[in-house]
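Chemist: Provided herewith is a single structure, encoded as structure tokens, for subsequent inquiry.
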Amino acid sequence: MTQDLTHGRPMSLLLRFGVPILFGLLFQQLYNVVDTAIVGKFLGGAALAAVGSTGSINFLVVGGCIGLCSGFAIPVAHCFGSGEESELRKYVTSGLWCCLFFSLVITAATLIFGRDILILMRTPADIYENAWIYIATIFVGIPGYILYNMTAGILRSLGDSRTPVIWLVIASVSNIVLDLVFILNFSLGVFGAAFATILSQFLAGFGCLARVCRGFPVLRMEKEDWVWSWARIGRLMMLGLPMGLQYSITAIGSVMLQSAVNVLGTTYVTATTAASKVSLFLACPFDAMGSTMVTYCGQNAGAREWDRLRQGVRSCTLLGLIYALIALGGVYAGGRQLVMLFLDEASAPLAPLAQHFLMILVIFYFPLALVNIYRFSIQGMGHSPLATFAGVMELAGRAMVARLVGSLGYAAACFASPAAWVLADLFLVPAYFFCVRRAQRADKPQAESTQHNLPAAA
């Protein structure tokens with residue numbers, strides 16, 4: 001069932017649409033959480049460090065794929081908001097062609113250059129081989145990530161935020177079972193953890209694809225819907241490539257930071273891995289807010305409802321502040337217990353280091369909320385290239401702090417992400433208000449012209 005976000009109270013719409021996305025993201029993070037927890041508990045701290053050392057390159061590649069697919073889904077939301085059903089179908093098919101192309105290219109490129117990237121990141125020698133086995137297996141599954149995120153993006157653009165969640169729940173349960181079977185029964189080590197993840201991702205992707213193909217009358221394709229259109233492909237690229245690049249630029253900063261932490265040794269890699277995994281899970285509500293605002297702003301921009309768009313952004317900002325305070329209180333009270341979910345008893349002395357890293361991140365969660373809300377609002381309005389510059393700001397923040405790790409050590413690493421979020425906000429918040437004012441000014445002459453052409457009252 002589709003859901004129109006251009007009518008109704010913004011706060012209730014955001015909650016109704018965003019809560020299923022939140023559950024989906026929590027289950028998606030459960031993939032990584034279960035992998036990491038089982039690896040840390042049953043394979044030890046060195047294996048945990050190997051998986052953790054690939055986190056930034058994983059985000060670089062998989063995050064880029066997610067950004068591409070999110071951008072490809074924006075015209076679908078615009079067309080749904082404006083009621084252009086024929087154009088909507090054509091953008092769906094064009095997006096699928098683009099996804100097929102990028103699946104092949106990205107998979108090949110990452111497998112060819114993956115080892116070189118790990119070497120450039122100065123991955124410690126004692127964990128290098130396991131790191132490569134894990135990340136190479138993930139790279140083989142890139143088509144699964146693209147399949148899921150594209151079909152989920154289409155469904156969310158039509159207002160269906162529940163189907164992606166249902167399939168992620170199914171996939172996450174499968175992932176847990178496969179993790180235990182591959183690692184404990186078949187002794188496949190880190191390869192088993194990665195293999196379980198990609199199999200589960202393909203399951204979720206095919207489940208959403210079935211829904212796209214059979215679930216919506218508006219998506220019943222006809223022969224002319226599959227005709228290649230360079231104009232549509234060009235627009236998809238203009239929206240998708242900047243969003244993919246934005247994720248990748250942000251991830252490059254993470255790669256630089258990871259490289260700096262790698263120099264500190266396996267001890268600090270293990271501590272930051274445990275803290276980062278907890279933070280990724282706790283930050284899911286902010287990711288859900290971003291995904292919600294892409295669709296909300298996309299539909300309302302298509303309908304030219306700028307006042308409603310601004311109301312929604314204000315409501316989401318309030319939700320971000322409330323959750324940031326809740327998360328801060330939770331980590332203050334139970335931070336050690338959270339990081340110990342990813343550390344075995346032999347690695348327990350590292351808990352204070354991991355807890356300190358986590359606490360610094362959570363203190364700056366409200367700036368992170370603003371990054372997600374305003375960036376994705378701008379993108380939903382169709383200004384992906386502009387929002388990409390926020391990724392450059394994040395890269396600059398992480399890069400500057402990463403350079404200080406050599407002299408200031410672990411303390412500098414703790415503040416790299418907060419610095420990135422604050423710098424991004426300094427650009428994103430003014431950029432959002434600029435985009436809204438510009439759109440309203442552009443609509444004003446058209447509205448006045450329409451009003452002048454109305455027939456006089458009898």
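As shown in the structure tokens, the chain order sets the letters A, B, ...; within each chain, residues go from 1, and ligands are also counted from 1 in the order they appear.
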Which residues in region 335-437 of chain A does DSSP call alpha helix (DSSP H)? List them as a PyMOL selection string.
Modeler: chain A and resi 335-339+351-363+365-380+384-402+405-408+410-414+416-437
Chemist: Near Asn372 (chain A), counting only C-alpha atoms, which residues have an atom at most 7 Å away, once you skip same-chain residues fewer than 3 positions from it, shown as a list in words?
Modeler: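 Answer for this query is Phe286, Asp287, Met289, Gly290, Leu368, Ala369, Arg375 and Phe376 of chain A.
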Chemist: How would the residues just chosen look if you wrote them out with all heavy atoms as an mmCIF file, in the first residue's frame?
Modeler:
```
data_model
loop_
_atom_site.group_PDB
_atom_site.id
_atom_site.type_symbol
_atom_site.label_atom_id
_atom_site.label_comp_id
_atom_site.auth_asym_id
_atom_site.auth_seq_id
_atom_site.Cartn_x
_atom_site.Cartn_y
_atom_site.Cartn_z
ATOM 1 N N PHE A 286 19.095 8.065 13.875
ATOM 2 C CA PHE A 286 19.478 9.191 13.029
ATOM 3 C C PHE A 286 19.477 8.786 11.555
ATOM 4 O O PHE A 286 19.071 9.571 10.683
ATOM 5 C CB PHE A 286 20.863 9.705 13.436
ATOM 6 C CG PHE A 286 20.952 10.121 14.876
ATOM 7 C CD1 PHE A 286 21.990 9.676 15.677
ATOM 8 C CD2 PHE A 286 19.992 10.937 15.439
ATOM 9 C CE1 PHE A 286 22.075 10.043 17.009
ATOM 10 C CE2 PHE A 286 20.059 11.311 16.779
ATOM 11 C CZ PHE A 286 21.109 10.861 17.559
ATOM 12 N N ASP A 287 19.910 7.566 11.264
ATOM 13 C CA ASP A 287 19.847 7.080 9.889
ATOM 14 C C ASP A 287 18.396 6.959 9.429
ATOM 15 O O ASP A 287 18.074 7.254 8.274
ATOM 16 C CB ASP A 287 20.549 5.719 9.778
ATOM 17 C CG ASP A 287 22.034 5.804 10.067
ATOM 18 O OD1 ASP A 287 22.635 6.849 9.755
ATOM 19 O OD2 ASP A 287 22.598 4.833 10.618
ATOM 20 N N MET A 289 15.918 8.779 10.498
ATOM 21 C CA MET A 289 15.459 10.143 10.244
ATOM 22 C C MET A 289 15.884 10.610 8.862
ATOM 23 O O MET A 289 15.110 11.239 8.130
ATOM 24 C CB MET A 289 15.993 11.087 11.318
ATOM 25 C CG MET A 289 15.405 10.848 12.694
ATOM 26 S SD MET A 289 16.212 11.874 13.965
ATOM 27 C CE MET A 289 15.609 11.061 15.462
ATOM 28 N N GLY A 290 17.119 10.315 8.483
ATOM 29 C CA GLY A 290 17.595 10.706 7.162
ATOM 30 C C GLY A 290 16.802 10.040 6.054
ATOM 31 O O GLY A 290 16.353 10.707 5.104
ATOM 32 N N LEU A 368 25.269 14.999 14.916
ATOM 33 C CA LEU A 368 25.080 13.900 13.970
ATOM 34 C C LEU A 368 23.645 13.855 13.471
ATOM 35 O O LEU A 368 23.386 13.605 12.278
ATOM 36 C CB LEU A 368 25.462 12.572 14.623
ATOM 37 C CG LEU A 368 25.188 11.302 13.805
ATOM 38 C CD1 LEU A 368 25.947 11.328 12.480
ATOM 39 C CD2 LEU A 368 25.550 10.067 14.611
ATOM 40 N N ALA A 369 22.689 14.093 14.372
ATOM 41 C CA ALA A 369 21.283 14.128 13.964
ATOM 42 C C ALA A 369 21.053 15.201 12.906
ATOM 43 O O ALA A 369 20.372 14.972 11.898
ATOM 44 C CB ALA A 369 20.392 14.380 15.184
ATOM 45 N N ARG A 375 21.010 17.005 5.550
ATOM 46 C CA ARG A 375 21.598 16.477 4.312
ATOM 47 C C ARG A 375 20.549 15.768 3.473
ATOM 48 O O ARG A 375 20.408 16.020 2.275
ATOM 49 C CB ARG A 375 22.735 15.514 4.639
ATOM 50 C CG ARG A 375 23.239 14.751 3.405
ATOM 51 C CD ARG A 375 24.202 13.658 3.814
ATOM 52 N NE ARG A 375 25.475 14.211 4.212
ATOM 53 C CZ ARG A 375 26.379 13.550 4.943
ATOM 54 N NH1 ARG A 375 26.100 12.330 5.375
ATOM 55 N NH2 ARG A 375 27.532 14.110 5.251
ATOM 56 N N PHE A 376 19.783 14.883 4.092
ATOM 57 C CA PHE A 376 18.824 14.109 3.324
ATOM 58 C C PHE A 376 17.612 14.940 2.929
ATOM 59 O O PHE A 376 16.959 14.640 1.918
ATOM 60 C CB PHE A 376 18.411 12.862 4.106
ATOM 61 C CG PHE A 376 19.468 11.798 4.105
ATOM 62 C CD1 PHE A 376 20.318 11.633 5.184
ATOM 63 C CD2 PHE A 376 19.629 10.968 3.010
ATOM 64 C CE1 PHE A 376 21.300 10.671 5.187
ATOM 65 C CE2 PHE A 376 20.612 9.991 2.995
ATOM 66 C CZ PHE A 376 21.456 9.839 4.084
#
```
Chemist: Counting only C-alpha atoms, which residue out of A:Val263, A:Ala125, A:Met340, A:Val392 sits closest to Ala420 (chain A)?
Modeler: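 Of the candidates, the smallest distance to Ala420 (chain A) is held by A:Val392.
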Chemist: Which residue is closest to Val227 (chain A)? Choose from A:Val212, A:Arg89, A:Ala348, A:Ala411 and count only C-alpha atoms.
Modeler: A:Arg89
Chemist: Under the rule that only C-alpha atoms are counted, which of A:Pro285, A:Gly207, A:Gly265, A:Gly298 is the nearest residue to Gly409 (chain A)?
Modeler: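 For Gly409 (chain A), the nearest of the candidates is A:Gly265.
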Chemist: What lies within 7 Å of region 238-248 of chain A using only C-alpha atoms, ignoring chain neighbours under 3 positions off, as a list in words?
Modeler: Leu60, Val61, Gly63, Gly64, Cys65, Ile66, Gly67, Leu68, Cys69, Ser70, Gly71, Phe72, Gly234, Arg235, Ala251, Ile252, Ser384, Pro385, Thr388 and Gly391 of chain A
Chemist: Restrict the selected residues to N, CA, C and O atoms and save them as an mmCIF file, in the first residue's frame.
Modeler:
```
data_model
loop_
_atom_site.group_PDB
_atom_site.id
_atom_site.type_symbol
_atom_site.label_atom_id
_atom_site.label_comp_id
_atom_site.auth_asym_id
_atom_site.auth_seq_id
_atom_site.Cartn_x
_atom_site.Cartn_y
_atom_site.Cartn_z
ATOM 1 N N LEU A 60 33.129 2.640 2.849
ATOM 2 C CA LEU A 60 33.504 3.345 1.624
ATOM 3 C C LEU A 60 32.776 2.759 0.429
ATOM 4 O O LEU A 60 32.207 3.484 -0.401
ATOM 5 N N VAL A 61 32.756 1.441 0.325
ATOM 6 C CA VAL A 61 32.190 0.776 -0.853
ATOM 7 C C VAL A 61 30.683 0.574 -0.699
ATOM 8 O O VAL A 61 29.895 1.006 -1.546
ATOM 9 N N GLY A 63 28.650 1.878 1.518
ATOM 10 C CA GLY A 63 27.987 3.165 1.691
ATOM 11 C C GLY A 63 27.799 3.890 0.371
ATOM 12 O O GLY A 63 26.764 4.517 0.132
ATOM 13 N N GLY A 64 28.807 3.796 -0.503
ATOM 14 C CA GLY A 64 28.671 4.391 -1.829
ATOM 15 C C GLY A 64 27.526 3.771 -2.604
ATOM 16 O O GLY A 64 26.772 4.471 -3.298
ATOM 17 N N CYS A 65 27.383 2.452 -2.502
ATOM 18 C CA CYS A 65 26.273 1.760 -3.171
ATOM 19 C C CYS A 65 24.933 2.212 -2.611
ATOM 20 O O CYS A 65 23.972 2.435 -3.372
ATOM 21 N N ILE A 66 24.848 2.347 -1.296
ATOM 22 C CA ILE A 66 23.607 2.803 -0.663
ATOM 23 C C ILE A 66 23.263 4.220 -1.131
ATOM 24 O O ILE A 66 22.103 4.536 -1.427
ATOM 25 N N GLY A 67 24.273 5.081 -1.200
ATOM 26 C CA GLY A 67 24.043 6.445 -1.666
ATOM 27 C C GLY A 67 23.548 6.484 -3.101
ATOM 28 O O GLY A 67 22.618 7.240 -3.433
ATOM 29 N N LEU A 68 24.155 5.684 -3.973
ATOM 30 C CA LEU A 68 23.708 5.602 -5.362
ATOM 31 C C LEU A 68 22.224 5.244 -5.439
ATOM 32 O O LEU A 68 21.441 5.911 -6.124
ATOM 33 N N CYS A 69 21.863 4.182 -4.737
ATOM 34 C CA CYS A 69 20.483 3.697 -4.792
ATOM 35 C C CYS A 69 19.513 4.715 -4.207
ATOM 36 O O CYS A 69 18.394 4.889 -4.727
ATOM 37 N N SER A 70 19.911 5.396 -3.143
ATOM 38 C CA SER A 70 19.054 6.434 -2.560
ATOM 39 C C SER A 70 18.810 7.552 -3.559
ATOM 40 O O SER A 70 17.689 8.066 -3.679
ATOM 41 N N GLY A 71 19.854 7.942 -4.281
ATOM 42 C CA GLY A 71 19.705 8.979 -5.296
ATOM 43 C C GLY A 71 18.817 8.538 -6.446
ATOM 44 O O GLY A 71 17.998 9.311 -6.960
ATOM 45 N N PHE A 72 18.960 7.274 -6.867
ATOM 46 C CA PHE A 72 18.140 6.768 -7.963
ATOM 47 C C PHE A 72 16.651 6.740 -7.597
ATOM 48 O O PHE A 72 15.797 6.767 -8.487
ATOM 49 N N GLY A 234 20.510 10.377 -17.303
ATOM 50 C CA GLY A 234 21.318 11.528 -16.902
ATOM 51 C C GLY A 234 20.843 12.124 -15.589
ATOM 52 O O GLY A 234 21.661 12.475 -14.725
ATOM 53 N N ARG A 235 19.523 12.230 -15.427
ATOM 54 C CA ARG A 235 19.013 12.783 -14.165
ATOM 55 C C ARG A 235 19.315 11.852 -12.994
ATOM 56 O O ARG A 235 19.673 12.303 -11.900
ATOM 57 N N ALA A 251 33.527 8.314 3.866
ATOM 58 C CA ALA A 251 34.240 7.090 4.228
ATOM 59 C C ALA A 251 35.746 7.228 4.057
ATOM 60 O O ALA A 251 36.517 6.598 4.782
ATOM 61 N N ILE A 252 36.176 8.042 3.088
ATOM 62 C CA ILE A 252 37.618 8.255 2.912
ATOM 63 C C ILE A 252 38.214 8.843 4.190
ATOM 64 O O ILE A 252 39.302 8.463 4.621
ATOM 65 N N SER A 384 21.210 17.004 -4.725
ATOM 66 C CA SER A 384 22.272 16.088 -4.292
ATOM 67 C C SER A 384 23.674 16.664 -4.460
ATOM 68 O O SER A 384 24.521 16.507 -3.570
ATOM 69 N N PRO A 385 23.992 17.323 -5.594
ATOM 70 C CA PRO A 385 25.354 17.867 -5.721
ATOM 71 C C PRO A 385 25.712 18.854 -4.610
ATOM 72 O O PRO A 385 26.843 18.881 -4.138
ATOM 73 N N THR A 388 26.561 17.117 -1.392
ATOM 74 C CA THR A 388 27.835 16.396 -1.445
ATOM 75 C C THR A 388 28.948 17.176 -0.754
ATOM 76 O O THR A 388 29.874 16.590 -0.186
ATOM 77 N N GLY A 391 29.901 16.178 2.637
ATOM 78 C CA GLY A 391 30.843 15.072 2.735
ATOM 79 C C GLY A 391 32.278 15.555 2.694
ATOM 80 O O GLY A 391 33.152 15.007 3.380
#
```
Chemist: For each of A:Ala109, A:Leu209, A:Val294, A:Leu25, take the minimum atom-to-atom distance to Ala73 (chain A), counting only C-alpha atoms, then give the residue where this is smallest.
Modeler: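 Closest to Ala73 (chain A) of all the choices is A:Val294.
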